Every structure is written in C-alpha cells, then in structure tokens.
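K.L.:
To start, I am sharing the structure in question, which I have written as structure tokens.
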Amino acid sequence: MKNKEIAEMLGEIALMLSVDTRPTARFEVRAYQKAALTIGTLQEDVGEIFAKGGERALMELPGIGKGIAGSVAEYIKTGKMKKYDGLKRQYPIDFKALTAIEGLGAKRLIRLYNELGIKDVDDLSRAVKAHKIEKLEGFGRRSEEQIGKGIELAEKGRGRILISEGLPVAEAIVKRIMESGAAEMAVVAGSARRMRETVGDLDILVLSSKPGKAMDFFAGLDEVSSIVMKGPTKTTAWLKAGVTCDVRVIAPESFGAALQYFTGSRDHNVQVRTIAVRKGYKLNEYGLFREGGRPVEAGSEEEIYAKLGMQWMPPEMREARGEVGLAQAKRIPKIVELEDIKGDMHTHTRETDGANTIEEMAEEAMKIGYRYFATTNHTKSLFIARGMDEKKFTGFFKNVDRLNEQLDGKVRIIKGAEVDILKDGSLDLDKKFLEEMECAVGAVHQSLRMDRESMTKRIVGALDSGLIRILAHPTGRELLWREPYAVDLDRVFDAAERNNVALEINSYPSRLDLSDTNIMAASKYKLMFSLGTDAHRTSHMRFMRYGVGTARRGWLAPDRIINTMDMARMLRWLSR
Ligand code: DGT
Ligand code: CA
Ligand code: CA
C-alpha cells in the first residue's frame, strides 16, 4: 500500500510550491494539500483503485483533479513523479525532519537553504552553533534560540513515536498473527500496553507450537520494512511506522511471567522482584520459582501477583509510583475505562478549521455510542483557524438547535466554543454571550512565550472570570515538538478548584495534556476533569482511548470526570 508515501510526496509538493510567487500557485498549493489529505486518510489502497478504474477512478476521489491524478498514476506505474522530482532538484531539503522542528515552515526552510545551504537537521544544528541564523533578516536571536531548543527536543524524542502511531500497528500485527494459524495467542506488551504517550519500540508476545512458522509469518508482514535479527523464538524488525518491533515466542508455562516481565515498566519490575525475593521466590521472564529452582504453578499475571501477596493492577499503573504498595495492601483503586465515557467534550467542525460538518460529527458520535458531545469551535482571535465571532456562532447554534431537534435525543449536541484566553486573561467572546453558552472551554493558543508569572496570571484570570467551564490543554505542550509553557500549575489547579472549572485531558495524541503526572498532581485538589479529543475530523473522535489511557496512567477514577455523567447530570454540572 503506497497511500502514505504518495500523500507525503503530494504534501511536500504543496510545501515547495508555497514559495512560488505566481498568482496561480496559491490554488495549486491548496489542490495538493487537499489531495494529500484525501489519499493520506483513504481506507482503500490507492494502487488498487488505480488498477481497477485507472486515472478516471482516481479523479472520483474528493479533491483530486486531472493533473494530480496523472501524477499519482505516473508514480504507481513507474515509481517516479516528474513534478515532485523537478521541485526536489530545486529544493533538496529534508522537509519531513525539518518541519518537525517548531517554528520552521516551508518558507523559512527554503530561505535557510537558499541563503545558508541548510538541507537537513545536521546542517541546521551546525548553523545554530555558529550563530549564522540570528544574522539572517527576519530571524534574529530569539528565533535562533528557539530553533536550537526545537532541535534538542527532536533529539530527545528521536526514535520514539506517538502511541497513536505505534499501538494500532501492534494491534494489527497481533490480529494478523492470530488469524494466520501460526499461533494460538498473541498480545501487545511493553510501553504500548502501558499506554505511554510515546513508544520506543513495540513488544509482542506469541504463544505458538510452531515458533518457526510464527517468526516467518511476522517477518513477511506488510507492516515490516526490514529485519534486524531473526532467531528461532525472537525476531526484531524495523516497521514502516518508524520503530522496531520485538516479537517473542513464549512457552505456555511461561506466558504469565513473560507478559508480566515484558509489560514492565523496568522500575515496576525491579520492585516486584524485590518482593518476590523477600518471600523466598525468584521471578524472571520464564516464571516464578522456589529457591532451588522448583517452578511455582502461576500461569497468568493474576496468579503471579497473587502468589506474591499482591493484587493485579492495570498495566497503565505499572510505573513504580506507589502502585506496588497499594497492591500489597489490596487497595488498587478503580480507574476509568473507555466504556465509562458518555461523550466528547472538545470537537471542531468545518465552520472553523475542522474537516467535517456538524451533521457528520453527530453521526460519528452516534456510531461510537455517545449520549452527547460538545461542539467547541475556535473564536475570532485565532485567525489561522478561521475563528468565529458572536454573530457566526449565533447562526451556527441555530443550525445546531435544528439538528438537535431532528436527532431527538439520540445524541445531544452541546453548544460550546473553545474560547481564546487573550494575553491579559480576558476572553475572546462577549461576557453575555459566554454566560448564555452551554459549554465555554477556555484555551491559550497565542503568545505562548510569556514569562511564568504573566502566564499564570493570564490563566488564573480567565478561570476567575467565572465564564468558562473547562480549561483546555492546560500546559500547551505538544509531544516531540513543543515544551509546556512556563506556568505555575499549582496556582492554576487552585483557581480551577475555587471556580469549579474542569481541567481537560486533551486526548489528541500529540497533546495528551494534562499528562499522567500532572493529572496525579491535580487530583489532589477538589476539582473535576474533562476528556475531549480536540477532533478536527470524524476519525479523530476515536482518539478518546489515548486520553483514557493517560487518565488511567494518572490513576483517575470515573467519578472525577464530568463526561462519565449521564446527560441530565452533565447539563446540570455545566449550568452549575
Ligand atoms: P519503550 O520501548 O522505550 O517505549 O519502553 P518499554 O517499557 O517497552 O521498554 P523495552 O521495550 O525496552 O522493554 C519492554 C519491557 O521489558 C520493559 O518495560 C521491562 C522489560 N525489560 C526489558 N529489559 C529489562 C531489564 O533489563 N530489566 C528489567 N527489569 N526489565 C526489563
Ligand atoms: Ca518497548
Ligand atoms: Ca523491546
């Protein structure tokens, strides 16, 4: 399947065309962006569509005209795309790696190439160290510092990918292995099972009476790009997803011990092993043993923990943050599950920067089985997202009212907005308008580099206005890309408690904000949390599992989350 590859090439063409000054270039850029989106999110294989219906079938896809269909067809047939190759000769820049650094868009990258010959991250890093960038017009000292920090952040996360990029691939591999007949059982272990926000590699355990066959089957999968190491019971392979994957075949009597061991975390395992030793056992990936080596019957994780006098606990809790003591005291708390979530509190539509209509979002919500969801489009100050003013919201809400009537309670759309918290802490919509709105979600999007005191005052000011019900992505971090802004979270939590404002656990995979540790810190306060996906298209509503995973890593109980309430209680909570 070449969809991803082709989508990336089309996206790159759009980037390179964006510096073109011809008046028609603007339209071309849009066309390529649209085509990249279409092909990148396509379920079917674009190669197959072409094989079946030729260029004509390609042109039936949304946003794909004759020219682009021709280029795509050319690439499928010949493995080359003239338009791409031509532009790439002009700009031999590693856009993928470089645009991953904050503050660097196509225009700036092309200037850096034209003026300093910067083609990749190494070149860029050298230029920062030699202070060549601060001298460029329009860049300056702060820009150069910011780029330096961006490089550092990218290095730190090097090799790690978002959980949303890793877990679905691991699950797909597990499913294929199970269906192959080469294994009786396959499961995901490691950080992906613990729902860490990023994963360094994927770990899969397999139960099979035909290990060789299982290894061959894995090695031949479509998700695999190359083999690092292949043995009789362990194979390590690079995946197209950009990480390696360890697949281990485990003997049946060791399965519970292996699952416990390879789920980790390392620190959790160290603590558990210490307890085992104290009780006169030895615990490793092969099993639980008495002193002298006699194996103890313990085929599952539950049995292993039980033999050690501990309660089983969800993998998300296994980070050596006190869960081992709780398990010994049999006081592992009940934590939220995906099934507890009755609605999504943060979504966008086509009226601003979303891709779908409110009708399509409602349909998706019903498919998921939600009772309600909040529509929370951006407000006017956020130009890049085409934020709306009061008048536009009024018109949009009229439409929502009509739709709610039609839906007749099958799913209830809650009328809200993601209101920008401006620099001085004031809000981006009229007070009266906000007072009448069902669900005002406050959010900081611009002027992120304020000093700590000013940022804290800004957010606390917004909370103290009494006009917002939820604070979106409270720290502003973006994984592998941008650090949280400087802010005194204790004062923010305190103000949220005082004003009965829920803190969001933004479930968009590159945010996951609040993070697990911040959730733990915030839950010491008497305040509520809210889970929202920040969906900009229908498929994003499925990101809820990552927010729930993060909440579980923060040990959060369902009754601390507003959107586990049924609709009547929820609406009452919103109206306070
Ligand atoms: P990652 O891959 O960096 O996202 O994180 P993990 O937790 O998946 O780490 P990984 O893949 O190196 O190993 C998977 C699990 O196997 C890990 O969570 C615990 C266990 N493990 C691996 N190596 C060791 C070790 O040397 N000592 C202990 N105690 N456990 C280990
Ligand atoms: Ca791993
Ligand atoms: Ca591993």
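To be explicit about the labels: the chains of the structure tokens are called A, B, and onward in the order shown, and within each one the residues are counted from 1, while ligands get numbers from 1 in the order they are shown.
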Hey, which residues come within 9 Å of ligand 3 if we count only C-alpha atoms and all ligand atoms? Could you give them as a list in words?
P.N.:
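Checking only C-alpha atoms and all ligand atoms against ligand 3 at 9 Å gives Ala189, Gly190, Ser191, Gly200, Asp201, Leu202, Asp203, Ile204, Thr236, Thr244, Cys245, Asp246, Val247 and Phe262 of chain A.
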K.L.:
Any chance you could tabulate, as JSON lines, the residues of chain A at most 9 Å from ligand 1 with each one's nearest atom pair and distance in Å to one decimal, using only C-alpha atoms and all ligand atoms, in chain and rising number order?
P.N.:
```
{"residue": "A:Arg160", "atom": "CA", "partner": "ligand 1", "partner_atom_place_in_ligand_line": "4 (O)", "distance": 7.3}
{"residue": "A:Ile161", "atom": "CA", "partner": "ligand 1", "partner_atom_place_in_ligand_line": "4 (O)", "distance": 8.8}
{"residue": "A:Ala189", "atom": "CA", "partner": "ligand 1", "partner_atom_place_in_ligand_line": "14 (C)", "distance": 7.1}
{"residue": "A:Gly190", "atom": "CA", "partner": "ligand 1", "partner_atom_place_in_ligand_line": "8 (O)", "distance": 3.5}
{"residue": "A:Ser191", "atom": "CA", "partner": "ligand 1", "partner_atom_place_in_ligand_line": "8 (O)", "distance": 3.8}
{"residue": "A:Ala192", "atom": "CA", "partner": "ligand 1", "partner_atom_place_in_ligand_line": "8 (O)", "distance": 6.6}
{"residue": "A:Arg193", "atom": "CA", "partner": "ligand 1", "partner_atom_place_in_ligand_line": "8 (O)", "distance": 8.2}
{"residue": "A:Arg194", "atom": "CA", "partner": "ligand 1", "partner_atom_place_in_ligand_line": "7 (O)", "distance": 7.9}
{"residue": "A:Arg196", "atom": "CA", "partner": "ligand 1", "partner_atom_place_in_ligand_line": "4 (O)", "distance": 7.2}
{"residue": "A:Glu197", "atom": "CA", "partner": "ligand 1", "partner_atom_place_in_ligand_line": "4 (O)", "distance": 8.9}
{"residue": "A:Thr198", "atom": "CA", "partner": "ligand 1", "partner_atom_place_in_ligand_line": "4 (O)", "distance": 6.5}
{"residue": "A:Val199", "atom": "CA", "partner": "ligand 1", "partner_atom_place_in_ligand_line": "4 (O)", "distance": 3.6}
{"residue": "A:Gly200", "atom": "CA", "partner": "ligand 1", "partner_atom_place_in_ligand_line": "4 (O)", "distance": 3.7}
{"residue": "A:Asp201", "atom": "CA", "partner": "ligand 1", "partner_atom_place_in_ligand_line": "2 (O)", "distance": 4.1}
{"residue": "A:Leu202", "atom": "CA", "partner": "ligand 1", "partner_atom_place_in_ligand_line": "2 (O)", "distance": 6.1}
{"residue": "A:Asp203", "atom": "CA", "partner": "ligand 1", "partner_atom_place_in_ligand_line": "11 (O)", "distance": 6.1}
{"residue": "A:Cys245", "atom": "CA", "partner": "ligand 1", "partner_atom_place_in_ligand_line": "11 (O)", "distance": 8.6}
{"residue": "A:Asp246", "atom": "CA", "partner": "ligand 1", "partner_atom_place_in_ligand_line": "11 (O)", "distance": 7.9}
{"residue": "A:Ala258", "atom": "CA", "partner": "ligand 1", "partner_atom_place_in_ligand_line": "16 (O)", "distance": 8.8}
{"residue": "A:Leu259", "atom": "CA", "partner": "ligand 1", "partner_atom_place_in_ligand_line": "16 (O)", "distance": 8.9}
{"residue": "A:Gln260", "atom": "CA", "partner": "ligand 1", "partner_atom_place_in_ligand_line": "20 (C)", "distance": 8.5}
{"residue": "A:Tyr261", "atom": "CA", "partner": "ligand 1", "partner_atom_place_in_ligand_line": "20 (C)", "distance": 5.3}
{"residue": "A:Phe262", "atom": "CA", "partner": "ligand 1", "partner_atom_place_in_ligand_line": "16 (O)", "distance": 3.6}
{"residue": "A:Thr263", "atom": "CA", "partner": "ligand 1", "partner_atom_place_in_ligand_line": "18 (O)", "distance": 5.0}
{"residue": "A:Gly264", "atom": "CA", "partner": "ligand 1", "partner_atom_place_in_ligand_line": "18 (O)", "distance": 3.2}
{"residue": "A:Ser265", "atom": "CA", "partner": "ligand 1", "partner_atom_place_in_ligand_line": "18 (O)", "distance": 3.7}
{"residue": "A:Arg266", "atom": "CA", "partner": "ligand 1", "partner_atom_place_in_ligand_line": "19 (C)", "distance": 4.1}
{"residue": "A:Asp267", "atom": "CA", "partner": "ligand 1", "partner_atom_place_in_ligand_line": "29 (N)", "distance": 6.7}
{"residue": "A:His268", "atom": "CA", "partner": "ligand 1", "partner_atom_place_in_ligand_line": "29 (N)", "distance": 7.8}
{"residue": "A:Asn269", "atom": "CA", "partner": "ligand 1", "partner_atom_place_in_ligand_line": "29 (N)", "distance": 5.0}
{"residue": "A:Val270", "atom": "CA", "partner": "ligand 1", "partner_atom_place_in_ligand_line": "29 (N)", "distance": 5.3}
{"residue": "A:Gln271", "atom": "CA", "partner": "ligand 1", "partner_atom_place_in_ligand_line": "29 (N)", "distance": 8.9}
{"residue": "A:Arg273", "atom": "CA", "partner": "ligand 1", "partner_atom_place_in_ligand_line": "29 (N)", "distance": 8.2}
{"residue": "A:Asn284", "atom": "CA", "partner": "ligand 1", "partner_atom_place_in_ligand_line": "29 (N)", "distance": 8.5}
{"residue": "A:Glu285", "atom": "CA", "partner": "ligand 1", "partner_atom_place_in_ligand_line": "20 (C)", "distance": 8.6}
```
K.L.:
Name the closest residue to His540 of chain A among the candidates A:Gly242, A:Gly322, A:Pro509, A:Gly299; distances are taken between atoms, counting only C-alpha atoms.
P.N.:
A:Pro509
K.L.:
Need to verify the contact set: Leu221 of chain A, 10 Å, only C-alpha atoms, exclusion of same-chain residues closer than 3 positions in sequence. Can you return it as a ChimeraX atom specification?
P.N.:
/A:173,176-177,216-218,224-225,239
K.L.:
Write out the residues from the selection above, keeping N, CA, C and O atoms, as a PDB file, in the first residue's frame.
P.N.:
```pdb
ATOM      1  N   ILE A 173      -0.735  -6.153  13.852  1.00  0.00           N
ATOM      2  CA  ILE A 173       0.181  -7.294  13.735  1.00  0.00           C
ATOM      3  C   ILE A 173      -0.333  -8.473  14.568  1.00  0.00           C
ATOM      4  O   ILE A 173      -0.363  -9.614  14.111  1.00  0.00           O
ATOM      5  N   ARG A 176      -3.197 -10.145  12.789  1.00  0.00           N
ATOM      6  CA  ARG A 176      -2.757 -10.946  11.649  1.00  0.00           C
ATOM      7  C   ARG A 176      -2.112 -12.250  12.096  1.00  0.00           C
ATOM      8  O   ARG A 176      -2.334 -13.300  11.502  1.00  0.00           O
ATOM      9  N   ILE A 177      -1.296 -12.166  13.155  1.00  0.00           N
ATOM     10  CA  ILE A 177      -0.635 -13.390  13.645  1.00  0.00           C
ATOM     11  C   ILE A 177      -1.688 -14.376  14.145  1.00  0.00           C
ATOM     12  O   ILE A 177      -1.627 -15.569  13.859  1.00  0.00           O
ATOM     13  N   ASP A 216       8.431 -16.668  10.723  1.00  0.00           N
ATOM     14  CA  ASP A 216       8.387 -16.420   9.271  1.00  0.00           C
ATOM     15  C   ASP A 216       7.199 -15.542   8.908  1.00  0.00           C
ATOM     16  O   ASP A 216       7.319 -14.623   8.105  1.00  0.00           O
ATOM     17  N   PHE A 217       6.064 -15.864   9.533  1.00  0.00           N
ATOM     18  CA  PHE A 217       4.861 -15.111   9.204  1.00  0.00           C
ATOM     19  C   PHE A 217       5.049 -13.642   9.549  1.00  0.00           C
ATOM     20  O   PHE A 217       4.758 -12.752   8.750  1.00  0.00           O
ATOM     21  N   PHE A 218       5.564 -13.367  10.746  1.00  0.00           N
ATOM     22  CA  PHE A 218       5.781 -11.973  11.162  1.00  0.00           C
ATOM     23  C   PHE A 218       6.740 -11.281  10.192  1.00  0.00           C
ATOM     24  O   PHE A 218       6.472 -10.173   9.715  1.00  0.00           O
ATOM     25  N   VAL A 224       6.200  -4.673   7.991  1.00  0.00           N
ATOM     26  CA  VAL A 224       7.643  -4.793   8.228  1.00  0.00           C
ATOM     27  C   VAL A 224       8.415  -4.178   7.063  1.00  0.00           C
ATOM     28  O   VAL A 224       8.087  -4.413   5.902  1.00  0.00           O
ATOM     29  N   SER A 225       9.436  -3.357   7.383  1.00  0.00           N
ATOM     30  CA  SER A 225      10.241  -2.837   6.271  1.00  0.00           C
ATOM     31  C   SER A 225      11.584  -3.549   6.151  1.00  0.00           C
ATOM     32  O   SER A 225      12.081  -3.735   5.053  1.00  0.00           O
ATOM     33  N   LEU A 239       9.752  -1.474  11.432  1.00  0.00           N
ATOM     34  CA  LEU A 239       8.425  -1.361  10.837  1.00  0.00           C
ATOM     35  C   LEU A 239       8.362  -0.089  10.003  1.00  0.00           C
ATOM     36  O   LEU A 239       9.104   0.859  10.250  1.00  0.00           O
TER      37      LEU A 239
END
```
K.L.:
Need the shell around Leu514 of chain A: protein/DNA/RNA residues with any atom at most 7 Å away, counting only C-alpha atoms. Skip same-chain ones fewer than 5 positions apart. Format as a ChimeraX atom specification?
P.N.:
/A:473-475,504-506,519
K.L.:
As a CSV table (one decimal) with N, CA, C and O atoms, in the first residue's frame, please: the residues near Arg402 of chain A (cut-off 12 Å, only C-alpha atoms, same-chain neighbours under 6 positions excluded).
P.N.:
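The result, stored in selection-v2.csv:
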```csv
chain,number,residue,atom,x,y,z
A,358,ILE,N,-21.2,19.5,11.2
A,358,ILE,CA,-21.7,19.1,12.5
A,358,ILE,C,-22.6,17.9,12.4
A,358,ILE,O,-22.6,17.0,13.3
A,359,GLU,N,-23.3,17.7,11.2
A,359,GLU,CA,-24.1,16.5,11.0
A,359,GLU,C,-23.2,15.3,11.0
A,359,GLU,O,-23.5,14.2,11.6
A,395,GLY,N,-25.5,32.1,14.4
A,395,GLY,CA,-26.0,31.4,13.2
A,395,GLY,C,-25.8,29.9,13.3
A,395,GLY,O,-26.7,29.1,13.0
A,396,PHE,N,-24.6,29.5,13.7
A,396,PHE,CA,-24.2,28.1,13.8
A,396,PHE,C,-25.0,27.4,14.8
A,396,PHE,O,-25.5,26.3,14.6
A,408,ASP,N,-33.5,14.2,18.1
A,408,ASP,CA,-34.5,13.7,19.0
A,408,ASP,C,-33.9,12.9,20.2
A,408,ASP,O,-34.4,11.9,20.6
A,412,ARG,N,-27.1,14.2,21.9
A,412,ARG,CA,-27.4,15.6,22.2
A,412,ARG,C,-26.1,16.4,21.9
A,412,ARG,O,-25.0,16.1,22.5
A,413,ILE,N,-26.2,17.4,21.1
A,413,ILE,CA,-25.0,18.3,20.8
A,413,ILE,C,-25.1,19.4,21.8
A,413,ILE,O,-26.1,20.2,21.9
```
K.L.:
If DSSP is run on the backbone, what residues of segment 144-303 of chain A are strand (DSSP E or B)? A reply as a PyMOL selection string would be ideal.
P.N.:
chain A and resi 161-162+185-189+198-199+201-207+224-230+234-239+244-250+281-284+287-290+295
K.L.:
Check the smallest atom-to-atom distance from each of A:Met528, A:Ala170, A:Ala182, A:Asn563 to ligand 2 using only C-alpha atoms and all ligand atoms, then report the winner.
P.N.:
A:Ala170
K.L.:
Here is a test: counting only C-alpha atoms, which residue of A:Gly86, A:Lys2, A:Val228, A:Asp424 is nearest to Gly40 of chain A?
P.N.:
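With only C-alpha atoms as the atom set, the closest residue is A:Lys2.
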K.L.:
Applying 12 Å and only C-alpha atoms, which residues near Leu116 of chain A remain after dropping the ones on its own chain fewer than 2 positions away? List them as a PDB file with N, CA and C atoms, in the first residue's frame.
P.N.:
```
ATOM      1  N   ARG A 108      10.478  29.481   5.527  1.00  0.00           N
ATOM      2  CA  ARG A 108      11.734  29.712   6.239  1.00  0.00           C
ATOM      3  C   ARG A 108      12.771  28.655   5.855  1.00  0.00           C
ATOM      4  N   LEU A 109      12.332  27.423   5.676  1.00  0.00           N
ATOM      5  CA  LEU A 109      13.280  26.365   5.325  1.00  0.00           C
ATOM      6  C   LEU A 109      13.912  26.626   3.968  1.00  0.00           C
ATOM      7  N   ILE A 110      13.104  27.110   3.053  1.00  0.00           N
ATOM      8  CA  ILE A 110      13.645  27.368   1.724  1.00  0.00           C
ATOM      9  C   ILE A 110      14.608  28.556   1.761  1.00  0.00           C
ATOM     10  N   ARG A 111      14.297  29.537   2.604  1.00  0.00           N
ATOM     11  CA  ARG A 111      15.262  30.640   2.764  1.00  0.00           C
ATOM     12  C   ARG A 111      16.562  30.127   3.393  1.00  0.00           C
ATOM     13  N   LEU A 112      16.437  29.289   4.394  1.00  0.00           N
ATOM     14  CA  LEU A 112      17.641  28.746   5.037  1.00  0.00           C
ATOM     15  C   LEU A 112      18.475  27.950   4.026  1.00  0.00           C
ATOM     16  N   TYR A 113      17.783  27.291   3.125  1.00  0.00           N
ATOM     17  CA  TYR A 113      18.514  26.543   2.092  1.00  0.00           C
ATOM     18  C   TYR A 113      19.176  27.505   1.101  1.00  0.00           C
ATOM     19  N   ASN A 114      18.401  28.458   0.611  1.00  0.00           N
ATOM     20  CA  ASN A 114      18.944  29.384  -0.386  1.00  0.00           C
ATOM     21  C   ASN A 114      20.091  30.224   0.177  1.00  0.00           C
ATOM     22  N   ILE A 118      21.244  25.054   4.054  1.00  0.00           N
ATOM     23  CA  ILE A 118      20.820  24.067   5.051  1.00  0.00           C
ATOM     24  C   ILE A 118      19.838  23.067   4.437  1.00  0.00           C
ATOM     25  N   LYS A 119      20.249  21.781   4.480  1.00  0.00           N
ATOM     26  CA  LYS A 119      19.426  20.747   3.849  1.00  0.00           C
ATOM     27  C   LYS A 119      18.799  19.787   4.859  1.00  0.00           C
ATOM     28  N   ASP A 120      19.471  19.598   6.003  1.00  0.00           N
ATOM     29  CA  ASP A 120      18.954  18.639   6.986  1.00  0.00           C
ATOM     30  C   ASP A 120      19.221  19.116   8.415  1.00  0.00           C
ATOM     31  N   ASP A 123      22.899  20.049   9.294  1.00  0.00           N
ATOM     32  CA  ASP A 123      23.271  21.380   8.789  1.00  0.00           C
ATOM     33  C   ASP A 123      22.701  22.469   9.693  1.00  0.00           C
ATOM     34  N   LEU A 124      21.438  22.282  10.056  1.00  0.00           N
ATOM     35  CA  LEU A 124      20.753  23.295  10.856  1.00  0.00           C
ATOM     36  C   LEU A 124      21.418  23.440  12.222  1.00  0.00           C
ATOM     37  N   ARG A 126      24.497  22.768  13.033  1.00  0.00           N
ATOM     38  CA  ARG A 126      25.788  23.469  12.891  1.00  0.00           C
ATOM     39  C   ARG A 126      25.585  24.972  12.735  1.00  0.00           C
ATOM     40  N   ALA A 127      24.581  25.353  11.965  1.00  0.00           N
ATOM     41  CA  ALA A 127      24.329  26.779  11.728  1.00  0.00           C
ATOM     42  C   ALA A 127      23.918  27.489  13.016  1.00  0.00           C
ATOM     43  N   VAL A 128      23.134  26.784  13.858  1.00  0.00           N
ATOM     44  CA  VAL A 128      22.736  27.377  15.134  1.00  0.00           C
ATOM     45  C   VAL A 128      23.964  27.581  16.007  1.00  0.00           C
ATOM     46  N   ALA A 130      26.996  27.964  15.156  1.00  0.00           N
ATOM     47  CA  ALA A 130      27.881  29.003  14.622  1.00  0.00           C
ATOM     48  C   ALA A 130      27.194  30.375  14.592  1.00  0.00           C
ATOM     49  N   HIS A 131      25.985  30.450  15.156  1.00  0.00           N
ATOM     50  CA  HIS A 131      25.209  31.702  15.192  1.00  0.00           C
ATOM     51  C   HIS A 131      25.050  32.340  13.821  1.00  0.00           C
ATOM     52  N   LYS A 132      24.786  31.514  12.831  1.00  0.00           N
ATOM     53  CA  LYS A 132      24.609  32.057  11.488  1.00  0.00           C
ATOM     54  C   LYS A 132      23.165  32.488  11.256  1.00  0.00           C
ATOM     55  N   ILE A 133      22.249  31.914  12.010  1.00  0.00           N
ATOM     56  CA  ILE A 133      20.838  32.165  11.729  1.00  0.00           C
ATOM     57  C   ILE A 133      20.383  33.509  12.269  1.00  0.00           C
ATOM     58  N   GLU A 134      20.938  33.904  13.438  1.00  0.00           N
ATOM     59  CA  GLU A 134      20.489  35.163  14.027  1.00  0.00           C
ATOM     60  C   GLU A 134      20.808  36.351  13.120  1.00  0.00           C
ATOM     61  N   LYS A 135      21.754  36.165  12.232  1.00  0.00           N
ATOM     62  CA  LYS A 135      22.120  37.279  11.351  1.00  0.00           C
ATOM     63  C   LYS A 135      21.192  37.422  10.149  1.00  0.00           C
ATOM     64  N   LEU A 136      20.395  36.406   9.888  1.00  0.00           N
ATOM     65  CA  LEU A 136      19.501  36.478   8.737  1.00  0.00           C
ATOM     66  C   LEU A 136      18.350  37.435   9.013  1.00  0.00           C
TER      67      LEU A 136
END
```
K.L.:
Excluding segment 366-382 of chain A and its own-chain neighbours fewer than 6 positions away, which residues fall within 6 Å of it when counting only C-alpha atoms? Please give them as a CSV table (one decimal) with N, CA, C and O atoms, in the first residue's frame.
P.N.:
```
chain,number,residue,atom,x,y,z
A,342,LYS,N,-19.2,8.9,28.2
A,342,LYS,CA,-20.5,9.1,27.6
A,342,LYS,C,-20.6,10.1,26.5
A,342,LYS,O,-21.6,10.3,25.8
A,343,GLY,N,-19.5,10.9,26.3
A,343,GLY,CA,-19.5,11.9,25.3
A,343,GLY,C,-18.1,12.6,25.2
A,343,GLY,O,-17.3,12.3,26.0
A,344,ASP,N,-18.0,13.3,24.1
A,344,ASP,CA,-16.7,14.0,23.8
A,344,ASP,C,-16.9,15.5,24.1
A,344,ASP,O,-17.8,16.1,23.6
A,345,MET,N,-16.0,16.1,24.9
A,345,MET,CA,-16.2,17.5,25.3
A,345,MET,C,-15.4,18.5,24.5
A,345,MET,O,-15.4,19.7,24.8
A,346,HIS,N,-14.8,18.1,23.4
A,346,HIS,CA,-14.0,19.1,22.7
A,346,HIS,C,-13.9,18.6,21.2
A,346,HIS,O,-13.2,17.7,20.9
A,347,THR,N,-14.7,19.3,20.3
A,347,THR,CA,-14.7,18.9,18.9
A,347,THR,C,-14.8,20.1,18.0
A,347,THR,O,-15.3,21.2,18.5
A,348,HIS,N,-14.4,20.0,16.8
A,348,HIS,CA,-14.4,21.2,15.8
A,348,HIS,C,-15.2,20.7,14.6
A,348,HIS,O,-15.4,19.6,14.3
A,388,MET,N,-14.5,32.1,14.9
A,388,MET,CA,-15.8,32.7,14.7
A,388,MET,C,-16.1,33.8,15.7
A,388,MET,O,-15.6,33.8,16.8
A,389,ASP,N,-16.8,34.8,15.3
A,389,ASP,CA,-17.3,35.9,16.2
A,389,ASP,C,-18.7,35.5,16.7
A,389,ASP,O,-19.3,34.5,16.3
A,411,VAL,N,-28.5,11.6,20.2
A,411,VAL,CA,-27.3,12.1,20.7
A,411,VAL,C,-27.5,13.6,20.8
A,411,VAL,O,-28.2,14.2,20.0
A,412,ARG,N,-27.1,14.2,21.9
A,412,ARG,CA,-27.4,15.6,22.2
A,412,ARG,C,-26.1,16.4,21.9
A,412,ARG,O,-25.0,16.1,22.5
A,413,ILE,N,-26.2,17.4,21.1
A,413,ILE,CA,-25.0,18.3,20.8
A,413,ILE,C,-25.1,19.4,21.8
A,413,ILE,O,-26.1,20.2,21.9
A,414,ILE,N,-24.0,19.6,22.5
A,414,ILE,CA,-23.9,20.7,23.5
A,414,ILE,C,-23.2,21.8,22.8
A,414,ILE,O,-22.2,21.7,22.2
A,415,LYS,N,-23.8,23.0,22.9
A,415,LYS,CA,-23.3,24.2,22.2
A,415,LYS,C,-22.2,24.9,23.0
A,415,LYS,O,-22.4,25.3,24.1
A,416,GLY,N,-21.0,24.9,22.4
A,416,GLY,CA,-19.9,25.5,23.1
A,416,GLY,C,-18.9,26.1,22.2
A,416,GLY,O,-19.1,26.2,21.0
A,417,ALA,N,-17.8,26.6,22.8
A,417,ALA,CA,-16.8,27.2,22.0
A,417,ALA,C,-15.4,27.0,22.7
A,417,ALA,O,-15.4,26.8,23.9
A,418,GLU,N,-14.4,26.9,21.9
A,418,GLU,CA,-13.0,26.9,22.5
A,418,GLU,C,-12.6,28.3,22.5
A,418,GLU,O,-12.0,28.8,21.4
A,419,VAL,N,-12.8,29.0,23.6
A,419,VAL,CA,-12.6,30.5,23.6
A,419,VAL,C,-11.1,30.8,23.9
A,419,VAL,O,-10.6,30.3,24.9
```
K.L.:
Please compute the atom CA of Asp430 of chain A-atom CA of Asp464 of chain A distance, one decimal, in Å.
P.N.:
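These two atoms are separated by 15.7 Å.
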K.L.:
Give me, as JSON, numbers by chain, the residues of segment 83-283 of chain A that a backbone DSSP run labels helix (DSSP H, G or I).
P.N.:
{"A": [83, 84, 85, 86, 87, 88, 89, 90, 95, 96, 97, 98, 106, 107, 108, 109, 110, 111, 112, 113, 114, 115, 116, 121, 122, 123, 124, 125, 126, 127, 128, 129, 140, 141, 142, 143, 144, 145, 146, 147, 148, 149, 150, 151, 152, 153, 154, 155, 156, 163, 164, 165, 166, 167, 168, 169, 170, 171, 172, 173, 174, 175, 176, 177, 178, 179, 180, 190, 191, 192, 193, 211, 212, 213, 214, 215, 216, 217, 218, 219, 252, 253, 254, 255, 256, 257, 258, 259, 260, 261, 262, 263, 266, 267, 268, 269, 270, 271, 272, 273, 274, 275, 276, 277, 278]}
K.L.:
So how many Å separate atom CA of Arg511 of chain A and atom CA of Lys175 of chain A, to one decimal?
P.N.:
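Rounded to one decimal, the two atoms are 27.9 Å apart.
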